[in-house]
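Read through the structure below, which is laid out as structure tokens, and then see the notes.
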Amino acid sequence: MVVRLTLGILGLFHLANGLVMLLAPAQWAATVVHLTAPDHLHFHFITDIGFAFAASGVGMLMGARHGVVNGAWALAGAIWPLLHGLFHLKEWLMDGPPPIPGLLSEGVGVILVGFAGIWLAWVRYRKGEA
């Protein structure tokens with residue numbers, strides 16, 4: 001039950017992030033990546049990623065539902081946040097970690113959330129009604 005509840009919370013987090021990226025890309029860019037004047041390419045990129053986060057959120061929410069077969073939805077939803085987190089971790093290893101505010105937001109909001117999501121999804125998938 002705790003695994004499913006936590007998957008639901010992570011699913012809402014990713015869905016909300018994706019919806020903000022889709023509905024308010026300029027505000028998202030200014031807040032998250034500190035890009036004050038996004039151009040067409042930035043808006044296209046933000047929209048692409050927004051769809052990926054929204055889809056991941058929906059997958060994780062579907063995976064949080066009651067029923068053993070829904071564990072596969074959890075795994076499907078957790079893949080994109082994991083890949084995103086791995087990419088940020090690779091950047092840290094190659095270029096060094098960001099300053100303290102980014103260290104916390106990326107470390108927790110991207111890397112830790114990505115790893116936690118896939119671990120919870122795997123537990124959900126393997127144990128069924130976890």
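Identifiers in this document derive from the order of the structure tokens: chains are assigned A, B, ..., residues are numbered from 1 separately in each chain, and ligands are numbered from 1 in order of occurrence.
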Any chance you could tabulate, as JSON lines, the residues of region 42-106 of chain A at most 7 Å from region 5-9 of chain A with each one's nearest atom pair and distance in Å to one decimal, using only C-alpha atoms, in chain and rising number order?
{"residue": "A:Met60", "atom": "CA", "partner": "A:Leu7", "partner_atom": "CA", "distance": 5.9}
{"residue": "A:Leu61", "atom": "CA", "partner": "A:Gly8", "partner_atom": "CA", "distance": 5.0}
{"residue": "A:Ala64", "atom": "CA", "partner": "A:Gly8", "partner_atom": "CA", "distance": 5.3}
Run DSSP on the backbone and tell me which residues of chain A come out as alpha helix (DSSP H); list them as a PDB file with N, CA and C atoms, in the first residue's frame.
ATOM      1  N   VAL A   2       1.947   1.266   0.780  1.00  0.00           N
ATOM      2  CA  VAL A   2       2.834   2.430   0.840  1.00  0.00           C
ATOM      3  C   VAL A   2       3.509   2.645  -0.516  1.00  0.00           C
ATOM      4  N   VAL A   3       3.891   1.564  -1.176  1.00  0.00           N
ATOM      5  CA  VAL A   3       4.530   1.671  -2.483  1.00  0.00           C
ATOM      6  C   VAL A   3       3.565   2.302  -3.472  1.00  0.00           C
ATOM      7  N   ARG A   4       2.329   1.831  -3.502  1.00  0.00           N
ATOM      8  CA  ARG A   4       1.343   2.378  -4.432  1.00  0.00           C
ATOM      9  C   ARG A   4       1.044   3.839  -4.124  1.00  0.00           C
ATOM     10  N   LEU A   5       0.943   4.184  -2.865  1.00  0.00           N
ATOM     11  CA  LEU A   5       0.681   5.581  -2.471  1.00  0.00           C
ATOM     12  C   LEU A   5       1.835   6.482  -2.907  1.00  0.00           C
ATOM     13  N   THR A   6       3.055   6.045  -2.687  1.00  0.00           N
ATOM     14  CA  THR A   6       4.215   6.846  -3.071  1.00  0.00           C
ATOM     15  C   THR A   6       4.326   6.965  -4.588  1.00  0.00           C
ATOM     16  N   LEU A   7       4.006   5.883  -5.301  1.00  0.00           N
ATOM     17  CA  LEU A   7       3.972   5.959  -6.765  1.00  0.00           C
ATOM     18  C   LEU A   7       2.930   6.984  -7.221  1.00  0.00           C
ATOM     19  N   GLY A   8       1.794   7.012  -6.553  1.00  0.00           N
ATOM     20  CA  GLY A   8       0.766   7.992  -6.884  1.00  0.00           C
ATOM     21  C   GLY A   8       1.239   9.416  -6.665  1.00  0.00           C
ATOM     22  N   ILE A   9       1.951   9.641  -5.578  1.00  0.00           N
ATOM     23  CA  ILE A   9       2.489  10.987  -5.297  1.00  0.00           C
ATOM     24  C   ILE A   9       3.514  11.383  -6.360  1.00  0.00           C
ATOM     25  N   LEU A  10       4.418  10.461  -6.695  1.00  0.00           N
ATOM     26  CA  LEU A  10       5.398  10.748  -7.742  1.00  0.00           C
ATOM     27  C   LEU A  10       4.713  10.953  -9.096  1.00  0.00           C
ATOM     28  N   GLY A  11       3.672  10.176  -9.360  1.00  0.00           N
ATOM     29  CA  GLY A  11       2.920  10.347 -10.596  1.00  0.00           C
ATOM     30  C   GLY A  11       2.297  11.733 -10.680  1.00  0.00           C
ATOM     31  N   LEU A  12       1.716  12.197  -9.587  1.00  0.00           N
ATOM     32  CA  LEU A  12       1.145  13.555  -9.560  1.00  0.00           C
ATOM     33  C   LEU A  12       2.231  14.613  -9.756  1.00  0.00           C
ATOM     34  N   PHE A  13       3.392  14.399  -9.143  1.00  0.00           N
ATOM     35  CA  PHE A  13       4.518  15.322  -9.285  1.00  0.00           C
ATOM     36  C   PHE A  13       4.931  15.447 -10.749  1.00  0.00           C
ATOM     37  N   HIS A  14       5.109  14.318 -11.422  1.00  0.00           N
ATOM     38  CA  HIS A  14       5.533  14.343 -12.821  1.00  0.00           C
ATOM     39  C   HIS A  14       4.436  14.883 -13.736  1.00  0.00           C
ATOM     40  N   LEU A  15       3.190  14.506 -13.484  1.00  0.00           N
ATOM     41  CA  LEU A  15       2.089  15.014 -14.289  1.00  0.00           C
ATOM     42  C   LEU A  15       1.966  16.524 -14.129  1.00  0.00           C
ATOM     43  N   ALA A  16       2.053  17.020 -12.896  1.00  0.00           N
ATOM     44  CA  ALA A  16       1.963  18.460 -12.662  1.00  0.00           C
ATOM     45  C   ALA A  16       3.105  19.204 -13.355  1.00  0.00           C
ATOM     46  N   ASN A  17       4.318  18.682 -13.235  1.00  0.00           N
ATOM     47  CA  ASN A  17       5.464  19.304 -13.899  1.00  0.00           C
ATOM     48  C   ASN A  17       5.249  19.352 -15.403  1.00  0.00           C
ATOM     49  N   GLY A  18       4.795  18.242 -15.985  1.00  0.00           N
ATOM     50  CA  GLY A  18       4.536  18.198 -17.420  1.00  0.00           C
ATOM     51  C   GLY A  18       3.463  19.178 -17.842  1.00  0.00           C
ATOM     52  N   LEU A  19       2.388  19.287 -17.067  1.00  0.00           N
ATOM     53  CA  LEU A  19       1.313  20.215 -17.411  1.00  0.00           C
ATOM     54  C   LEU A  19       1.769  21.668 -17.333  1.00  0.00           C
ATOM     55  N   VAL A  20       2.580  21.990 -16.339  1.00  0.00           N
ATOM     56  CA  VAL A  20       3.117  23.362 -16.257  1.00  0.00           C
ATOM     57  C   VAL A  20       3.998  23.646 -17.465  1.00  0.00           C
ATOM     58  N   MET A  21       4.806  22.673 -17.864  1.00  0.00           N
ATOM     59  CA  MET A  21       5.656  22.855 -19.043  1.00  0.00           C
ATOM     60  C   MET A  21       4.809  23.083 -20.293  1.00  0.00           C
ATOM     61  N   LEU A  22       3.683  22.397 -20.396  1.00  0.00           N
ATOM     62  CA  LEU A  22       2.816  22.528 -21.571  1.00  0.00           C
ATOM     63  C   LEU A  22       1.974  23.798 -21.546  1.00  0.00           C
ATOM     64  N   LEU A  23       1.488  24.180 -20.370  1.00  0.00           N
ATOM     65  CA  LEU A  23       0.551  25.295 -20.271  1.00  0.00           C
ATOM     66  C   LEU A  23       1.210  26.641 -19.983  1.00  0.00           C
ATOM     67  N   PRO A  25       4.997  27.447 -20.511  1.00  0.00           N
ATOM     68  CA  PRO A  25       6.408  27.142 -20.759  1.00  0.00           C
ATOM     69  C   PRO A  25       7.358  28.290 -20.429  1.00  0.00           C
ATOM     70  N   ALA A  26       6.958  29.515 -20.664  1.00  0.00           N
ATOM     71  CA  ALA A  26       7.847  30.642 -20.368  1.00  0.00           C
ATOM     72  C   ALA A  26       8.083  30.762 -18.862  1.00  0.00           C
ATOM     73  N   GLN A  27       7.025  30.604 -18.078  1.00  0.00           N
ATOM     74  CA  GLN A  27       7.162  30.676 -16.625  1.00  0.00           C
ATOM     75  C   GLN A  27       7.979  29.493 -16.106  1.00  0.00           C
ATOM     76  N   TRP A  28       7.743  28.318 -16.674  1.00  0.00           N
ATOM     77  CA  TRP A  28       8.523  27.153 -16.269  1.00  0.00           C
ATOM     78  C   TRP A  28      10.004  27.379 -16.568  1.00  0.00           C
ATOM     79  N   HIS A  40      11.629  30.058 -30.090  1.00  0.00           N
ATOM     80  CA  HIS A  40      10.788  28.985 -30.628  1.00  0.00           C
ATOM     81  C   HIS A  40      11.379  27.600 -30.349  1.00  0.00           C
ATOM     82  N   LEU A  41      12.683  27.448 -30.522  1.00  0.00           N
ATOM     83  CA  LEU A  41      13.320  26.155 -30.286  1.00  0.00           C
ATOM     84  C   LEU A  41      13.179  25.733 -28.823  1.00  0.00           C
ATOM     85  N   HIS A  42      13.377  26.680 -27.907  1.00  0.00           N
ATOM     86  CA  HIS A  42      13.208  26.365 -26.493  1.00  0.00           C
ATOM     87  C   HIS A  42      11.780  25.918 -26.199  1.00  0.00           C
ATOM     88  N   PHE A  43      10.784  26.652 -26.750  1.00  0.00           N
ATOM     89  CA  PHE A  43       9.387  26.287 -26.512  1.00  0.00           C
ATOM     90  C   PHE A  43       9.083  24.897 -27.059  1.00  0.00           C
ATOM     91  N   HIS A  44       9.636  24.575 -28.221  1.00  0.00           N
ATOM     92  CA  HIS A  44       9.434  23.243 -28.800  1.00  0.00           C
ATOM     93  C   HIS A  44      10.035  22.175 -27.877  1.00  0.00           C
ATOM     94  N   PHE A  45      11.244  22.412 -27.410  1.00  0.00           N
ATOM     95  CA  PHE A  45      11.944  21.476 -26.536  1.00  0.00           C
ATOM     96  C   PHE A  45      11.189  21.306 -25.213  1.00  0.00           C
ATOM     97  N   ILE A  46      10.738  22.418 -24.638  1.00  0.00           N
ATOM     98  CA  ILE A  46       9.988  22.359 -23.374  1.00  0.00           C
ATOM     99  C   ILE A  46       8.698  21.571 -23.567  1.00  0.00           C
ATOM    100  N   THR A  47       8.029  21.771 -24.698  1.00  0.00           N
ATOM    101  CA  THR A  47       6.795  21.034 -24.979  1.00  0.00           C
ATOM    102  C   THR A  47       7.070  19.540 -25.117  1.00  0.00           C
ATOM    103  N   ASP A  48       8.121  19.178 -25.846  1.00  0.00           N
ATOM    104  CA  ASP A  48       8.479  17.762 -25.981  1.00  0.00           C
ATOM    105  C   ASP A  48       8.681  17.120 -24.607  1.00  0.00           C
ATOM    106  N   ILE A  49       9.442  17.777 -23.769  1.00  0.00           N
ATOM    107  CA  ILE A  49       9.732  17.227 -22.443  1.00  0.00           C
ATOM    108  C   ILE A  49       8.481  17.243 -21.569  1.00  0.00           C
ATOM    109  N   GLY A  50       7.649  18.272 -21.732  1.00  0.00           N
ATOM    110  CA  GLY A  50       6.393  18.325 -20.982  1.00  0.00           C
ATOM    111  C   GLY A  50       5.504  17.131 -21.283  1.00  0.00           C
ATOM    112  N   PHE A  51       5.426  16.755 -22.568  1.00  0.00           N
ATOM    113  CA  PHE A  51       4.640  15.567 -22.924  1.00  0.00           C
ATOM    114  C   PHE A  51       5.230  14.312 -22.280  1.00  0.00           C
ATOM    115  N   ALA A  52       6.555  14.202 -22.260  1.00  0.00           N
ATOM    116  CA  ALA A  52       7.195  13.031 -21.655  1.00  0.00           C
ATOM    117  C   ALA A  52       6.897  12.956 -20.161  1.00  0.00           C
ATOM    118  N   PHE A  53       6.992  14.086 -19.458  1.00  0.00           N
ATOM    119  CA  PHE A  53       6.693  14.086 -18.025  1.00  0.00           C
ATOM    120  C   PHE A  53       5.222  13.803 -17.761  1.00  0.00           C
ATOM    121  N   ALA A  54       4.330  14.378 -18.563  1.00  0.00           N
ATOM    122  CA  ALA A  54       2.897  14.125 -18.381  1.00  0.00           C
ATOM    123  C   ALA A  54       2.587  12.645 -18.593  1.00  0.00           C
ATOM    124  N   ALA A  55       3.156  12.052 -19.637  1.00  0.00           N
ATOM    125  CA  ALA A  55       2.931  10.629 -19.902  1.00  0.00           C
ATOM    126  C   ALA A  55       3.494   9.763 -18.775  1.00  0.00           C
ATOM    127  N   SER A  56       4.661  10.127 -18.270  1.00  0.00           N
ATOM    128  CA  SER A  56       5.243   9.378 -17.149  1.00  0.00           C
ATOM    129  C   SER A  56       4.360   9.472 -15.918  1.00  0.00           C
ATOM    130  N   GLY A  57       3.863  10.664 -15.649  1.00  0.00           N
ATOM    131  CA  GLY A  57       2.975  10.850 -14.502  1.00  0.00           C
ATOM    132  C   GLY A  57       1.727   9.996 -14.613  1.00  0.00           C
ATOM    133  N   VAL A  58       1.126   9.971 -15.791  1.00  0.00           N
ATOM    134  CA  VAL A  58      -0.071   9.153 -15.999  1.00  0.00           C
ATOM    135  C   VAL A  58       0.264   7.672 -15.819  1.00  0.00           C
ATOM    136  N   GLY A  59       1.405   7.237 -16.371  1.00  0.00           N
ATOM    137  CA  GLY A  59       1.808   5.837 -16.207  1.00  0.00           C
ATOM    138  C   GLY A  59       1.990   5.471 -14.748  1.00  0.00           C
ATOM    139  N   MET A  60       2.619   6.345 -13.987  1.00  0.00           N
ATOM    140  CA  MET A  60       2.832   6.056 -12.567  1.00  0.00           C
ATOM    141  C   MET A  60       1.506   6.074 -11.801  1.00  0.00           C
ATOM    142  N   LEU A  61       0.610   6.984 -12.170  1.00  0.00           N
ATOM    143  CA  LEU A  61      -0.710   6.990 -11.535  1.00  0.00           C
ATOM    144  C   LEU A  61      -1.485   5.719 -11.868  1.00  0.00           C
ATOM    145  N   MET A  62      -1.392   5.264 -13.103  1.00  0.00           N
ATOM    146  CA  MET A  62      -2.041   4.001 -13.480  1.00  0.00           C
ATOM    147  C   MET A  62      -1.402   2.844 -12.706  1.00  0.00           C
ATOM    148  N   GLY A  63      -0.095   2.913 -12.510  1.00  0.00           N
ATOM    149  CA  GLY A  63       0.602   1.875 -11.762  1.00  0.00           C
ATOM    150  C   GLY A  63       0.279   1.865 -10.289  1.00  0.00           C
ATOM    151  N   GLY A  71       1.250  -3.028 -12.181  1.00  0.00           N
ATOM    152  CA  GLY A  71       2.678  -2.835 -11.940  1.00  0.00           C
ATOM    153  C   GLY A  71       3.445  -2.508 -13.208  1.00  0.00           C
ATOM    154  N   ALA A  72       3.007  -3.042 -14.339  1.00  0.00           N
ATOM    155  CA  ALA A  72       3.667  -2.741 -15.617  1.00  0.00           C
ATOM    156  C   ALA A  72       3.506  -1.266 -15.975  1.00  0.00           C
ATOM    157  N   TRP A  73       2.361  -0.681 -15.653  1.00  0.00           N
ATOM    158  CA  TRP A  73       2.174   0.759 -15.888  1.00  0.00           C
ATOM    159  C   TRP A  73       3.172   1.570 -15.062  1.00  0.00           C
ATOM    160  N   ALA A  74       3.393   1.143 -13.832  1.00  0.00           N
ATOM    161  CA  ALA A  74       4.341   1.851 -12.970  1.00  0.00           C
ATOM    162  C   ALA A  74       5.736   1.850 -13.586  1.00  0.00           C
ATOM    163  N   LEU A  75       6.168   0.693 -14.090  1.00  0.00           N
ATOM    164  CA  LEU A  75       7.483   0.614 -14.735  1.00  0.00           C
ATOM    165  C   LEU A  75       7.553   1.507 -15.964  1.00  0.00           C
ATOM    166  N   ALA A  76       6.518   1.450 -16.786  1.00  0.00           N
ATOM    167  CA  ALA A  76       6.505   2.277 -17.995  1.00  0.00           C
ATOM    168  C   ALA A  76       6.581   3.764 -17.641  1.00  0.00           C
ATOM    169  N   GLY A  77       5.850   4.162 -16.616  1.00  0.00           N
ATOM    170  CA  GLY A  77       5.855   5.565 -16.218  1.00  0.00           C
ATOM    171  C   GLY A  77       7.165   6.009 -15.587  1.00  0.00           C
ATOM    172  N   ALA A  78       7.875   5.097 -14.966  1.00  0.00           N
ATOM    173  CA  ALA A  78       9.108   5.458 -14.250  1.00  0.00           C
ATOM    174  C   ALA A  78      10.335   5.522 -15.152  1.00  0.00           C
ATOM    175  N   ILE A  79      10.250   5.038 -16.372  1.00  0.00           N
ATOM    176  CA  ILE A  79      11.426   4.978 -17.250  1.00  0.00           C
ATOM    177  C   ILE A  79      11.955   6.365 -17.606  1.00  0.00           C
ATOM    178  N   TRP A  80      11.103   7.276 -18.076  1.00  0.00           N
ATOM    179  CA  TRP A  80      11.576   8.609 -18.477  1.00  0.00           C
ATOM    180  C   TRP A  80      12.223   9.359 -17.312  1.00  0.00           C
ATOM    181  N   PRO A  81      11.585   9.450 -16.122  1.00  0.00           N
ATOM    182  CA  PRO A  81      12.267  10.152 -15.023  1.00  0.00           C
ATOM    183  C   PRO A  81      13.612   9.529 -14.653  1.00  0.00           C
ATOM    184  N   LEU A  82      13.728   8.190 -14.756  1.00  0.00           N
ATOM    185  CA  LEU A  82      15.021   7.549 -14.492  1.00  0.00           C
ATOM    186  C   LEU A  82      16.049   7.989 -15.522  1.00  0.00           C
ATOM    187  N   LEU A  83      15.704   7.929 -16.801  1.00  0.00           N
ATOM    188  CA  LEU A  83      16.647   8.338 -17.848  1.00  0.00           C
ATOM    189  C   LEU A  83      17.052   9.796 -17.686  1.00  0.00           C
ATOM    190  N   HIS A  84      16.102  10.643 -17.348  1.00  0.00           N
ATOM    191  CA  HIS A  84      16.381  12.057 -17.113  1.00  0.00           C
ATOM    192  C   HIS A  84      17.356  12.220 -15.945  1.00  0.00           C
ATOM    193  N   GLY A  85      17.113  11.477 -14.869  1.00  0.00           N
ATOM    194  CA  GLY A  85      18.003  11.530 -13.708  1.00  0.00           C
ATOM    195  C   GLY A  85      19.400  11.019 -14.024  1.00  0.00           C
ATOM    196  N   LEU A  86      19.478   9.945 -14.810  1.00  0.00           N
ATOM    197  CA  LEU A  86      20.787   9.420 -15.200  1.00  0.00           C
ATOM    198  C   LEU A  86      21.567  10.427 -16.041  1.00  0.00           C
ATOM    199  N   PHE A  87      20.866  11.137 -16.916  1.00  0.00           N
ATOM    200  CA  PHE A  87      21.525  12.155 -17.732  1.00  0.00           C
ATOM    201  C   PHE A  87      22.084  13.275 -16.850  1.00  0.00           C
ATOM    202  N   HIS A  88      21.320  13.724 -15.866  1.00  0.00           N
ATOM    203  CA  HIS A  88      21.812  14.755 -14.960  1.00  0.00           C
ATOM    204  C   HIS A  88      22.996  14.240 -14.144  1.00  0.00           C
ATOM    205  N   LEU A  89      22.935  12.998 -13.706  1.00  0.00           N
ATOM    206  CA  LEU A  89      24.054  12.411 -12.958  1.00  0.00           C
ATOM    207  C   LEU A  89      25.302  12.347 -13.827  1.00  0.00           C
ATOM    208  N   LYS A  90      25.146  11.973 -15.094  1.00  0.00           N
ATOM    209  CA  LYS A  90      26.284  11.952 -16.029  1.00  0.00           C
ATOM    210  C   LYS A  90      26.890  13.345 -16.154  1.00  0.00           C
ATOM    211  N   GLU A  91      26.047  14.379 -16.245  1.00  0.00           N
ATOM    212  CA  GLU A  91      26.564  15.744 -16.324  1.00  0.00           C
ATOM    213  C   GLU A  91      27.337  16.116 -15.065  1.00  0.00           C
ATOM    214  N   TRP A  92      26.842  15.698 -13.912  1.00  0.00           N
ATOM    215  CA  TRP A  92      27.557  15.961 -12.663  1.00  0.00           C
ATOM    216  C   TRP A  92      28.932  15.306 -12.688  1.00  0.00           C
ATOM    217  N   LEU A  93      28.984  14.072 -13.161  1.00  0.00           N
ATOM    218  CA  LEU A  93      30.256  13.339 -13.191  1.00  0.00           C
ATOM    219  C   LEU A  93      31.232  13.942 -14.195  1.00  0.00           C
ATOM    220  N   MET A  94      30.724  14.408 -15.326  1.00  0.00           N
ATOM    221  CA  MET A  94      31.586  14.960 -16.374  1.00  0.00           C
ATOM    222  C   MET A  94      31.965  16.424 -16.121  1.00  0.00           C
ATOM    223  N   ASP A  95      31.011  17.233 -15.626  1.00  0.00           N
ATOM    224  CA  ASP A  95      31.218  18.678 -15.497  1.00  0.00           C
ATOM    225  C   ASP A  95      31.272  19.172 -14.058  1.00  0.00           C
ATOM    226  N   ILE A 100      24.945  25.138  -4.947  1.00  0.00           N
ATOM    227  CA  ILE A 100      24.041  24.610  -3.922  1.00  0.00           C
ATOM    228  C   ILE A 100      22.559  24.613  -4.309  1.00  0.00           C
ATOM    229  N   PRO A 101      21.944  25.710  -4.782  1.00  0.00           N
ATOM    230  CA  PRO A 101      20.506  25.619  -5.095  1.00  0.00           C
ATOM    231  C   PRO A 101      20.219  24.548  -6.149  1.00  0.00           C
ATOM    232  N   GLY A 102      21.024  24.494  -7.205  1.00  0.00           N
ATOM    233  CA  GLY A 102      20.846  23.481  -8.240  1.00  0.00           C
ATOM    234  C   GLY A 102      21.179  22.093  -7.741  1.00  0.00           C
ATOM    235  N   LEU A 103      22.151  22.018  -6.851  1.00  0.00           N
ATOM    236  CA  LEU A 103      22.531  20.736  -6.272  1.00  0.00           C
ATOM    237  C   LEU A 103      21.338  20.108  -5.561  1.00  0.00           C
ATOM    238  N   LEU A 104      20.609  20.917  -4.813  1.00  0.00           N
ATOM    239  CA  LEU A 104      19.438  20.400  -4.106  1.00  0.00           C
ATOM    240  C   LEU A 104      18.281  20.102  -5.049  1.00  0.00           C
ATOM    241  N   SER A 105      17.961  21.052  -5.943  1.00  0.00           N
ATOM    242  CA  SER A 105      16.803  20.840  -6.824  1.00  0.00           C
ATOM    243  C   SER A 105      17.060  19.704  -7.809  1.00  0.00           C
ATOM    244  N   GLU A 106      18.247  19.643  -8.385  1.00  0.00           N
ATOM    245  CA  GLU A 106      18.570  18.544  -9.298  1.00  0.00           C
ATOM    246  C   GLU A 106      18.766  17.236  -8.550  1.00  0.00           C
ATOM    247  N   VAL A 113      14.423  11.520  -7.300  1.00  0.00           N
ATOM    248  CA  VAL A 113      13.052  11.183  -7.699  1.00  0.00           C
ATOM    249  C   VAL A 113      13.062  10.145  -8.826  1.00  0.00           C
ATOM    250  N   GLY A 114      13.982  10.270  -9.767  1.00  0.00           N
ATOM    251  CA  GLY A 114      14.082   9.293 -10.849  1.00  0.00           C
ATOM    252  C   GLY A 114      14.434   7.906 -10.345  1.00  0.00           C
ATOM    253  N   PHE A 115      15.418   7.832  -9.448  1.00  0.00           N
ATOM    254  CA  PHE A 115      15.824   6.535  -8.902  1.00  0.00           C
ATOM    255  C   PHE A 115      14.749   5.962  -7.982  1.00  0.00           C
ATOM    256  N   ALA A 116      14.127   6.810  -7.174  1.00  0.00           N
ATOM    257  CA  ALA A 116      13.064   6.338  -6.278  1.00  0.00           C
ATOM    258  C   ALA A 116      11.892   5.790  -7.083  1.00  0.00           C
ATOM    259  N   GLY A 117      11.537   6.477  -8.159  1.00  0.00           N
ATOM    260  CA  GLY A 117      10.417   6.036  -8.969  1.00  0.00           C
ATOM    261  C   GLY A 117      10.633   4.667  -9.582  1.00  0.00           C
ATOM    262  N   ILE A 118      11.810   4.433 -10.141  1.00  0.00           N
ATOM    263  CA  ILE A 118      12.051   3.133 -10.772  1.00  0.00           C
ATOM    264  C   ILE A 118      12.140   2.031  -9.724  1.00  0.00           C
ATOM    265  N   TRP A 119      12.705   2.336  -8.577  1.00  0.00           N
ATOM    266  CA  TRP A 119      12.779   1.333  -7.508  1.00  0.00           C
ATOM    267  C   TRP A 119      11.373   0.970  -7.026  1.00  0.00           C
ATOM    268  N   LEU A 120      10.539   1.977  -6.781  1.00  0.00           N
ATOM    269  CA  LEU A 120       9.164   1.719  -6.341  1.00  0.00           C
ATOM    270  C   LEU A 120       8.381   0.957  -7.414  1.00  0.00           C
ATOM    271  N   ALA A 121       8.574   1.347  -8.668  1.00  0.00           N
ATOM    272  CA  ALA A 121       7.877   0.669  -9.758  1.00  0.00           C
ATOM    273  C   ALA A 121       8.312  -0.788  -9.847  1.00  0.00           C
ATOM    274  N   TRP A 122       9.612  -1.039  -9.658  1.00  0.00           N
ATOM    275  CA  TRP A 122      10.112  -2.412  -9.708  1.00  0.00           C
ATOM    276  C   TRP A 122       9.520  -3.238  -8.565  1.00  0.00           C
ATOM    277  N   VAL A 123       9.502  -2.662  -7.377  1.00  0.00           N
ATOM    278  CA  VAL A 123       8.896  -3.358  -6.229  1.00  0.00           C
ATOM    279  C   VAL A 123       7.430  -3.644  -6.519  1.00  0.00           C
ATOM    280  N   ARG A 124       6.742  -2.662  -7.034  1.00  0.00           N
ATOM    281  CA  ARG A 124       5.313  -2.818  -7.362  1.00  0.00           C
ATOM    282  C   ARG A 124       5.122  -3.924  -8.392  1.00  0.00           C
ATOM    283  N   TYR A 125       5.930  -3.941  -9.401  1.00  0.00           N
ATOM    284  CA  TYR A 125       5.831  -4.933 -10.471  1.00  0.00           C
ATOM    285  C   TYR A 125       6.125  -6.344  -9.931  1.00  0.00           C
ATOM    286  N   ARG A 126       7.189  -6.476  -9.146  1.00  0.00           N
ATOM    287  CA  ARG A 126       7.632  -7.786  -8.668  1.00  0.00           C
ATOM    288  C   ARG A 126       6.728  -8.350  -7.578  1.00  0.00           C
ATOM    289  N   LYS A 127       6.218  -7.480  -6.718  1.00  0.00           N
ATOM    290  CA  LYS A 127       5.440  -7.957  -5.571  1.00  0.00           C
ATOM    291  C   LYS A 127       3.938  -7.863  -5.795  1.00  0.00           C
TER     292      LYS A 127
END
